[in-house]
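Shown here: my_file.cif, mmCIF, C-alpha atoms.
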data_coords
loop_
_atom_site.label_atom_id
_atom_site.label_comp_id
_atom_site.auth_asym_id
_atom_site.auth_seq_id
_atom_site.Cartn_x
_atom_site.Cartn_y
_atom_site.Cartn_z
CA MET A 1 0.00 0.00 0.00
CA SER A 2 1.27 3.45 -0.94
CA LEU A 3 1.55 6.13 1.73
CA ALA A 4 0.84 8.89 -0.80
CA GLY A 5 -1.65 11.35 0.70
CA LEU A 6 -1.70 9.48 4.02
CA PHE A 7 1.73 10.11 5.56
CA PRO A 8 4.51 12.60 4.68
CA ILE A 9 7.24 9.98 4.18
CA ASP A 10 9.51 12.46 2.35
CA LYS A 11 9.95 14.31 5.65
CA TRP A 12 11.55 11.17 7.11
CA ASN A 13 13.75 9.84 4.32
CA PHE A 14 17.12 11.18 3.23
CA LYS A 15 17.55 11.16 -0.55
CA SER A 16 21.21 10.34 -0.98
CA GLN A 17 20.32 7.66 -3.58
CA SER A 18 19.62 10.50 -6.02
CA ILE A 19 23.21 11.75 -5.73
CA LEU A 20 24.64 8.91 -7.80
CA ASN A 21 21.54 7.96 -9.80
CA SER A 22 21.35 11.35 -11.50
CA LEU A 23 25.06 11.72 -12.29
CA PRO A 24 26.20 11.66 -15.93
CA GLU A 25 27.50 8.20 -16.84
CA ASP A 26 31.14 9.29 -17.12
CA GLU A 27 31.11 10.99 -13.70
CA ARG A 28 29.40 8.02 -12.06
CA ALA A 29 31.95 5.66 -13.62
CA ASP A 30 34.74 7.93 -12.34
CA LEU A 31 33.38 7.70 -8.79
CA TYR A 32 32.74 3.95 -8.98
CA SER A 33 36.29 3.32 -10.18
CA HIS A 34 37.59 4.40 -6.74
CA MET A 35 35.24 2.18 -4.71
CA GLN A 36 36.76 -0.50 -2.48
CA GLU A 37 34.11 -3.13 -1.71
CA GLN A 38 33.93 -4.80 1.71
CA ARG A 39 31.52 -7.26 3.34
CA TYR A 40 30.26 -6.56 6.87
CA GLY A 41 28.52 -8.86 9.32
CA LYS A 42 25.47 -7.74 11.29
CA GLY A 43 26.34 -5.23 14.01
CA GLU A 44 29.77 -4.27 12.67
CA ILE A 45 30.99 -0.69 13.10
CA ILE A 46 31.65 1.20 9.87
CA PHE A 47 32.90 4.41 11.46
CA ARG A 48 32.73 6.00 14.90
CA GLU A 49 31.61 9.44 16.04
CA GLY A 50 34.61 11.75 16.42
CA ALA A 51 36.93 9.69 14.22
CA VAL A 52 38.96 11.36 11.48
CA ALA A 53 36.88 11.30 8.28
CA SER A 54 38.87 9.11 5.89
CA GLY A 55 36.26 8.80 3.15
CA ILE A 56 32.64 8.14 2.26
CA PHE A 57 30.66 4.88 2.12
CA PHE A 58 28.21 3.58 -0.48
CA ILE A 59 25.76 0.93 0.74
CA LYS A 60 25.73 -1.58 -2.10
CA LYS A 61 23.54 -4.00 -0.15
CA GLY A 62 22.13 -3.93 3.38
CA LYS A 63 21.00 -1.47 6.04
CA VAL A 64 23.01 0.79 8.31
CA LYS A 65 22.05 2.70 11.44
CA LYS A 66 23.49 6.17 11.99
CA TYR A 67 23.56 7.00 15.69
CA GLN A 68 25.10 9.03 18.49
CA VAL A 69 25.94 7.87 22.02
CA ASP A 70 25.20 10.05 25.07
CA GLN A 71 27.33 10.36 28.21
CA ALA A 72 25.45 7.49 29.82
CA GLY A 73 26.36 5.24 26.89
CA LYS A 74 22.84 5.11 25.44
CA GLU A 75 22.42 5.14 21.67
CA GLN A 76 20.10 7.50 19.83
CA ILE A 77 19.50 6.27 16.30
CA ILE A 78 19.27 9.22 13.94
CA TYR A 79 18.54 7.40 10.72
CA VAL A 80 18.43 3.99 9.04
CA ALA A 81 20.21 4.09 5.67
CA ASN A 82 19.29 1.67 2.90
CA THR A 83 20.85 0.05 -0.13
CA GLY A 84 21.95 2.70 -2.63
CA GLU A 85 22.59 5.43 -0.08
CA LEU A 86 25.78 7.32 0.69
CA ILE A 87 26.95 7.96 4.26
CA GLY A 88 29.88 9.82 5.74
CA TYR A 89 30.05 12.56 3.14
CA HIS A 90 28.94 15.36 5.51
CA ALA A 91 32.23 15.17 7.38
CA ILE A 92 34.27 15.24 4.17
CA LEU A 93 32.44 18.29 2.83
CA ALA A 94 32.75 20.10 6.17
CA GLU A 95 36.37 18.98 6.67
CA GLU A 96 35.43 17.75 10.14
CA HIS A 97 35.43 14.45 12.05
CA TYR A 98 32.48 12.08 11.64
CA PRO A 99 29.56 13.66 13.57
CA ASP A 100 27.96 10.28 14.33
CA SER A 101 28.63 6.56 14.25
CA ALA A 102 27.46 3.99 11.71
CA ALA A 103 26.94 0.25 12.15
CA THR A 104 25.27 -2.45 10.07
CA LEU A 105 21.81 -3.73 11.00
CA GLU A 106 22.24 -6.83 8.82
CA GLU A 107 24.89 -8.46 6.67
CA SER A 108 25.91 -5.77 4.21
CA ILE A 109 28.16 -5.01 1.26
CA ILE A 110 29.60 -1.51 1.52
CA SER A 111 31.99 0.28 -0.80
CA PHE A 112 34.50 2.78 0.57
CA ILE A 113 35.70 5.80 -1.42
CA PRO A 114 38.83 7.44 0.05
CA LYS A 115 38.56 11.14 0.87
CA GLU A 116 41.18 12.19 -1.67
CA ASP A 117 39.48 10.33 -4.52
CA PHE A 118 36.02 11.64 -3.61
CA THR A 119 37.18 15.27 -3.42
CA ALA A 120 39.06 14.89 -6.72
CA VAL A 121 35.91 13.63 -8.47
CA LEU A 122 33.94 16.41 -6.80
CA GLU A 123 36.29 19.05 -8.18
CA ARG A 124 36.07 17.62 -11.71
CA SER A 125 32.30 17.15 -11.70
CA SER A 126 29.82 19.67 -13.06
CA VAL A 127 26.82 17.92 -11.47
CA LEU A 128 27.94 16.26 -8.22
CA PRO A 129 28.28 19.49 -6.14
CA ARG A 130 24.69 20.49 -6.93
CA ARG A 131 23.39 17.00 -6.13
CA LEU A 132 25.20 16.97 -2.80
CA LEU A 133 23.87 20.43 -1.90
CA LYS A 134 20.32 19.34 -2.73
CA ALA A 135 20.70 16.18 -0.64
CA LEU A 136 22.17 18.09 2.31
CA SER A 137 19.36 20.64 2.18
CA HIS A 138 16.75 17.89 2.26
CA GLU A 139 18.51 16.09 5.11
CA PHE A 140 18.40 19.32 7.12
CA THR A 141 14.61 19.36 6.60
CA VAL A 142 14.38 15.72 7.73
CA LEU A 143 16.45 16.31 10.86
CA THR A 144 14.51 19.48 11.75
CA ASN A 145 11.28 17.53 11.39
CA SER A 146 12.63 14.74 13.61
CA ILE A 147 13.62 17.20 16.35
CA SER A 148 10.17 18.79 16.25
CA VAL A 149 8.46 15.40 16.53
CA PHE A 150 10.61 14.32 19.47
CA ALA A 151 9.71 17.55 21.26
CA HIS A 152 5.96 17.37 20.74
CA ARG A 153 4.84 13.77 20.21
CA SER A 154 4.28 11.05 22.79
CA VAL A 155 6.30 7.83 22.92
CA LYS A 156 3.33 5.95 21.44
CA GLU A 157 3.11 8.38 18.52
CA ARG A 158 6.88 8.27 17.96
CA LEU A 159 6.79 4.46 17.88
CA ALA A 160 3.97 4.52 15.33
CA ILE A 161 5.98 6.95 13.17
CA ALA A 162 9.14 4.82 13.50
CA LEU A 163 7.26 1.70 12.39
CA ILE A 164 5.79 3.50 9.37
CA VAL A 165 9.22 4.80 8.35
CA LEU A 166 10.88 1.41 8.92
CA ARG A 167 8.18 -0.31 6.87
CA GLU A 168 9.18 1.89 3.92
CA ARG A 169 12.87 1.14 4.54
CA PHE A 170 12.29 -2.63 4.48
CA LYS A 171 9.71 -2.37 1.66
CA ALA A 172 12.47 -1.16 -0.68
CA GLU A 173 14.05 -4.64 -0.78
CA THR A 174 10.85 -6.70 -0.60
CA LEU A 175 9.80 -8.48 -3.78
CA PRO A 176 6.31 -7.75 -5.21
CA GLY A 177 3.69 -9.91 -3.55
CA GLU A 178 5.83 -10.65 -0.49
CA GLU A 179 4.95 -9.43 2.99
CA ILE A 180 6.98 -6.47 4.25
CA VAL A 181 8.87 -7.60 7.33
CA ILE A 182 10.59 -5.15 9.70
CA ASN A 183 13.56 -7.07 11.12
CA LEU A 184 14.99 -4.98 13.94
CA SER A 185 15.93 -5.65 17.56
CA ARG A 186 13.76 -4.14 20.27
CA SER A 187 16.76 -2.24 21.60
CA ASP A 188 17.44 -0.65 18.20
CA LEU A 189 13.76 0.24 17.89
CA ALA A 190 13.86 1.79 21.38
CA ASN A 191 16.98 3.76 20.46
CA MET A 192 15.24 5.02 17.33
CA VAL A 193 12.15 6.11 19.27
CA GLY A 194 14.12 7.51 22.21
CA THR A 195 12.64 5.40 24.99
CA GLY A 196 13.27 2.24 27.03
CA ASN A 197 12.83 -1.34 25.83
CA GLU A 198 9.97 -1.88 28.27
CA ASN A 199 7.88 0.85 26.59
CA ILE A 200 8.53 -0.65 23.16
CA VAL A 201 7.42 -4.10 24.32
CA ARG A 202 4.31 -2.67 26.02
CA PHE A 203 3.16 -0.66 23.02
CA LEU A 204 3.94 -3.44 20.52
CA THR A 205 1.79 -5.76 22.63
CA GLU A 206 -0.97 -3.13 22.62
CA PHE A 207 -0.71 -2.65 18.83
CA LYS A 208 -0.78 -6.42 18.31
CA ALA A 209 -3.90 -6.81 20.45
CA ALA A 210 -5.57 -4.07 18.38
CA GLY A 211 -4.83 -5.93 15.14
CA ILE A 212 -2.37 -3.30 13.87
CA LEU A 213 0.62 -5.63 13.60
CA ASN A 214 1.94 -9.11 14.19
CA THR A 215 5.29 -10.10 15.70
CA GLN A 216 7.52 -13.16 15.71
CA GLY A 217 10.75 -12.79 17.61
CA ARG A 218 12.32 -9.54 16.42
CA LYS A 219 10.25 -9.51 13.21
CA ILE A 220 7.26 -7.17 12.83
CA TRP A 221 4.53 -7.21 10.17
CA ILE A 222 2.22 -4.18 9.85
CA THR A 223 -1.34 -5.37 9.15
CA ASP A 224 -3.26 -2.08 9.47
CA ILE A 225 -1.15 0.78 8.16
CA LYS A 226 -4.05 3.25 8.16
CA GLU A 227 -4.66 2.76 11.89
CA LEU A 228 -0.93 3.06 12.55
CA ILE A 229 -0.91 6.38 10.67
CA ARG A 230 -3.87 7.55 12.76
CA LEU A 231 -2.02 6.64 15.96
CA SER A 232 1.07 8.53 14.74
CA GLY A 233 -0.89 11.80 14.86
CA TYR A 234 -0.61 12.37 11.13
CA GLY A 235 -3.95 10.76 10.39
CA LEU A 236 -5.78 13.71 11.93
CA SER A 237 -3.51 16.75 11.85
CA GLY A 238 -0.95 15.85 9.18
#

This structure in structure tokens:
Amino acid sequence: MSLAGLFPIDKWNFKSQSILNSLPEDERADLYSHMQEQRYGKGEIIFREGAVASGIFFIKKGKVKKYQVDQAGKEQIIYVANTGELIGYHAILAEEHYPDSAATLEESIISFIPKEDFTAVLERSSVLPRRLLKALSHEFTVLTNSISVFAHRSVKERLAIALIVLRERFKAETLPGEEIVINLSRSDLANMVGTGNENIVRFLTEFKAAGILNTQGRKIWITDIKELIRLSGYGLSG
């Protein structure tokens, strides 16, 4: 089911896929020629917050969580990046250290582009700078929206929103006719919502009893997306 007209999914998704997809063939080939492919197991660290930015990463296959860790050691997941997305380029463009950490949520294939090669392609390209600026501008809108939601929505509403967004993330790699399965640990879901595991378990149980979703282990199936949208607060006020 499409979310068009029901939920503003564009306010929750970065659009870094468009950076490479819309490049002229010669410029894309130039960038791809510098990629160094590596396989990661589930839960492996790609880069850490505060580390020297050595390059950017292209997710060839898999899912990656971008997160920060507070002084108490608790994670706050900022975003779940999908196949086809770029991560780590903010630090390169700003000439700063990585502002967050990244780790795989599942077995993934990720290509690394060294900083020097990326900046060289950037300087030669007539299109890439504009694409990056457009992507960064949209990501600012997404992050501003997320901050606003965390300030004004309840935990229950934030969980509903997280499940809607995650459904779209996992839908991207689901074959037509197959059920969309959100495969995420309860702790990662809690870190995405900004609450404790006990609240996640309680509300998932409540949603399941209401016929909104089904669960099996860490897997979640949404069975009533319209009711989930209503519970998110977007069904009434947008």

Contact residues around A:Phe7 with all atoms listed in the file at 10 Å, ignoring same-chain residues under 6 positions, as a ChimeraX atom specification:
/A:161,164-165,226,229-230,232-235,238

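Shortest separation to A:Glu157 among A:Thr141, A:Ser108, A:Asn13, A:Thr195 occurs at residue A:Thr195, atoms counted being only C-alpha atoms.
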
Quick one: everything within 6 Å of A:Phe58, counting all atoms listed in the file, minus sequence neighbours fewer than 5 positions away in the same chain. Send it as number ranges by chain.
A: 85-86, 110-111

Do you know which residues the PyMOL selection byres ((chain A and resi 107) around 8) returns on this file, as a compact mmCIF listing (two decimals) with C-alpha atoms, in the frame of the given file?
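Okay, out_29.txt is ready:
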# COMPACT_ATOMS: atom_id res chain seq x y z
CA ARG A 39 31.52 -7.26 3.34
CA TYR A 40 30.26 -6.56 6.87
CA GLY A 41 28.52 -8.86 9.32
CA LYS A 42 25.47 -7.74 11.29
CA GLY A 62 22.13 -3.93 3.38
CA THR A 104 25.27 -2.45 10.07
CA LEU A 105 21.81 -3.73 11.00
CA GLU A 106 22.24 -6.83 8.82
CA SER A 108 25.91 -5.77 4.21
CA ILE A 109 28.16 -5.01 1.26

I would like the residues chosen by the PyMOL selection byres ((chain A and resi 156) around 9) on the shown file; could you give them as a PyMOL selection string?
chain A and resi 153-155+157-161+199-200+203+231-232

For the residues in the current selection, export C-alpha atoms as a short mmCIF file (atom, residue, chain, number, x, y, z; two decimals), in the frame of the given file.
data_model
loop_
_atom_site.label_atom_id
_atom_site.label_comp_id
_atom_site.auth_asym_id
_atom_site.auth_seq_id
_atom_site.Cartn_x
_atom_site.Cartn_y
_atom_site.Cartn_z
CA ARG A 153 4.84 13.77 20.21
CA SER A 154 4.28 11.05 22.79
CA VAL A 155 6.30 7.83 22.92
CA GLU A 157 3.11 8.38 18.52
CA ARG A 158 6.88 8.27 17.96
CA LEU A 159 6.79 4.46 17.88
CA ALA A 160 3.97 4.52 15.33
CA ILE A 161 5.98 6.95 13.17
CA ASN A 199 7.88 0.85 26.59
CA ILE A 200 8.53 -0.65 23.16
CA PHE A 203 3.16 -0.66 23.02
CA LEU A 231 -2.02 6.64 15.96
CA SER A 232 1.07 8.53 14.74
#

For the structure provided, state which residues fall under the PyMOL selection byres ((chain A and resi 81) around 6), and present them as a PDB file with C-alpha atoms, in the frame of the given file.
ATOM      1  CA  LYS A  63      21.000  -1.470   6.040  1.00  0.00           C
ATOM      2  CA  VAL A  64      23.010   0.790   8.310  1.00  0.00           C
ATOM      3  CA  VAL A  80      18.430   3.990   9.040  1.00  0.00           C
ATOM      4  CA  ASN A  82      19.290   1.670   2.900  1.00  0.00           C
TER       5      ASN A  82
END

Using all atoms listed in the file for the distances, tell me which of A:Ser185, A:Leu6, A:Phe14, A:His34 is nearest to A:His138.
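Residue with the minimum atom-to-atom distance to A:His138: A:Phe14.
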